[in-house]
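Colleague: To start, I am sharing the structure in question, which I have written as structure tokens.
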Amino acid sequence: MDAAAAIKMLSPPSHQIHRTHSLISSPCSSCFSSEIRFHSSLLSFTNLDIRSISICRRTIDINSSGAISSVAMARMESSFKPEEARIPAAIPLSIPPITKFKIALCQLSVTADKELNIAHARQVIEEAAGKGAQLILLPEIWNSPYSNDSFPITIVGGSIPDRSGDRLYNACCVFGTDGKLKAKHRKIHLFDIDIPGQMTFKESKTLTAGETPTIVDTDVGRIGIGICYDIRFQELAAIYAARGAHLLCYPGAFNMTTGPLHWELLQRARAADCQLYVATCSPARDTGSTYVAWGHSTLVGPFGEVLATTEHDEAIVISEIDYSIIEQRRTYLPFQRQRRGDLYQLVDIQRLNSTRTT
């Protein structure tokens with residue numbers, strides 16, 4: 001075979017990049033497809049002889065259609081040491097107790113009357129449960145306790161001020177279907193911001209930062225918990241994903257400055273980064289308050305697609321979560337197996353220390 005014949009074999013007739021665009025017809029659609037074919041004819045072989053082409057073929061195992069073979073890809077992935085990109089090693093995604101269920105994001109109006117807030121929250125929880133929700137998420141700082149012993153549901157209870165000794169935390173309590181407290185997350189990253197002429201807020205003046213990530217096994221899967229500003233930190237979400245989370249829940253109250261810019265962006269980024277579901281819940285907007293919340297409670301799917309959302313008024317957002325989509329998306333885009341453990345690592349300090357002591 002001469003060089004011209006070899007180049008012809010390696011090069012499909014078209015010099016264009018063809019894209020079959022993705023289509024998501026519904027949150028549970030299985031028709032998503034994405035293909036990008038980069039033709040080897042985009043490369044210039046003008047100065048290559050047949051020996052160079054042969055070496056290239058042996059090195060990256062290009063087959064007759066111009067694609068890199070699965071064997072070559074596996075060798076590349078192995079040399080990149082993706083399993084070492086997470087320390088300790090990532091926990092495989094477990095089979096959840098339930099695959100499909102409805103989640104309710106309860107975007108509540110909050111008043112200065114604590115007892116009224118309690119009664120209103122209970123009413124909204126009852127309404128959401130009546131609509132078939134099996135997981136209910138409340139907003140950040142709605143400032144009330146609640147009882148859920150009448151409903152077979154899991155509640156991620158937004159957040160409330162939580163005093164411990166002389167310290168005050170911004171805490172999210174998670175209650176199981178038996179009404180018992182399953183976990184408490186104390187906001188890890190405090191919201192200290194100063195945008196001249198727009199927003200100055202120093203949460204650290206009154207609150208103490210939490211010290212541990214919180215992941216909890218529930219009747220609706222393994223859930224990683226963050227509060228508002230925690231969503232900005234990709235490392236926390238990555239730790240939850242490495243611990244086998246199916247869903248990340250962030251009660252939050254972004255303001256009128258950062259909300260329009262970053263609220264949806266960060267939710268979609270965390271979902272796409274980790275290839276899992278992200279649910280957020282904000283208070284409804286009260287323009288008469290000293291702190292005006294953006295609203296827009298949202299559910300995002302594992303490809304970063306917005307599945308359900310609302311505006312700024314009080315609302316209950318009901319949407320379905322289907323965990324089988326997670327594995328499907330990770331199969332379509334397997335970047336978790338393509339990480340470069342030879343170049344970078346994410347260390348889960350809490351898990352690492354616990355393995356050392358056991």
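So you can find residues: chains in the structure tokens are A, B, ... in the order shown, residues in each start at 1, and ligands are numbered from 1 in order.
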Run DSSP on the backbone and give me the residues of region 88-321 of chain A it puts in strand (DSSP E), as a ChimeraX atom specification.
Modeller: /A:100-107,133-137,154-156,160-164,167-175,181-186,192-195,199-202,214-218,221-225,247-251,277-281,298-300,306-309,315-321
Colleague: Determine the nearest neighbour of Gly130 (chain A) from the options A:Ala104, A:Ile87, A:Ile118, A:Ala237, counting only C-alpha atoms.
Modeller: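 Comparing A:Ala104, A:Ile87, A:Ile118, A:Ala237 against Gly130 (chain A), the winner is A:Ala104.
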Colleague: For Tyr277 (chain A), find every residue with an atom within 8 Å (counting only C-alpha atoms), except residues of its own chain fewer than 6 positions away, and show them as a PyMOL selection string.
Modeller: chain A and resi 246-248+271+299-302+321
Colleague: Have a look at A:Ile349, A:Leu265, A:Ile153, A:Ile125 and name the one nearest to Pro213 (chain A); count only C-alpha atoms.
Modeller: A:Ile349
Colleague: So that I can check the surroundings of His120 (chain A), please list as a VMD selection string every protein, DNA and RNA residue that reaches within 10 Å of it, counting only C-alpha atoms and ignoring chain neighbours fewer than 6 positions away.
Modeller: chain A and resid 108 to 110 114 126
Colleague: Next, dump the selected residues to file, keeping only N, CA and C atoms, as a PDB file, in the first residue's frame.
Modeller:
```
ATOM      1  N   LEU A 108     -41.560  29.002  50.542  1.00  0.00           N
ATOM      2  CA  LEU A 108     -42.482  29.572  51.520  1.00  0.00           C
ATOM      3  C   LEU A 108     -42.308  31.076  51.683  1.00  0.00           C
ATOM      4  N   SER A 109     -43.423  31.734  51.958  1.00  0.00           N
ATOM      5  CA  SER A 109     -43.365  33.116  52.448  1.00  0.00           C
ATOM      6  C   SER A 109     -43.071  33.062  53.934  1.00  0.00           C
ATOM      7  N   VAL A 110     -42.123  33.860  54.383  1.00  0.00           N
ATOM      8  CA  VAL A 110     -41.699  33.849  55.782  1.00  0.00           C
ATOM      9  C   VAL A 110     -42.105  35.148  56.445  1.00  0.00           C
ATOM     10  N   LYS A 114     -43.338  33.490  64.400  1.00  0.00           N
ATOM     11  CA  LYS A 114     -42.800  32.129  64.377  1.00  0.00           C
ATOM     12  C   LYS A 114     -43.911  31.089  64.378  1.00  0.00           C
ATOM     13  N   GLU A 126     -48.387  19.220  54.279  1.00  0.00           N
ATOM     14  CA  GLU A 126     -49.571  18.381  54.055  1.00  0.00           C
ATOM     15  C   GLU A 126     -50.025  18.450  52.593  1.00  0.00           C
TER      16      GLU A 126
END
```
Colleague: Excluding His312 (chain A) and its own-chain neighbours fewer than 4 positions away, which residues fall within 6 Å of it when counting only C-alpha atoms? Please give them as a list in words.
Modeller: Ala284, Arg285, Gly295 and His296 of chain A
Colleague: List the spatial neighbours of Val156 (chain A) as a count of residues only - criterion: any atom at most 7 Å away, only C-alpha atoms, same-chain residues fewer than 5 positions off excluded.
Modeller: 6
Colleague: I want to know what sits within 12 Å of Arg167 (chain A), based on only C-alpha atoms, with residues of the same chain fewer than 2 positions away left out; could you give that as a ChimeraX atom specification?
Modeller: /A:161-165,169-171,186,204-210
Colleague: Closest to Phe254 (chain A) among A:Ala133, A:Ala119, A:Ile316, A:Ile193, using only C-alpha atoms?
Modeller: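 Closest candidate: A:Ile193.
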Colleague: Which of these residues is nearest to Tyr229 (chain A), using only C-alpha atoms: A:Gln107, A:Ser297, A:Thr258, A:Ser319?
Modeller: A:Thr258
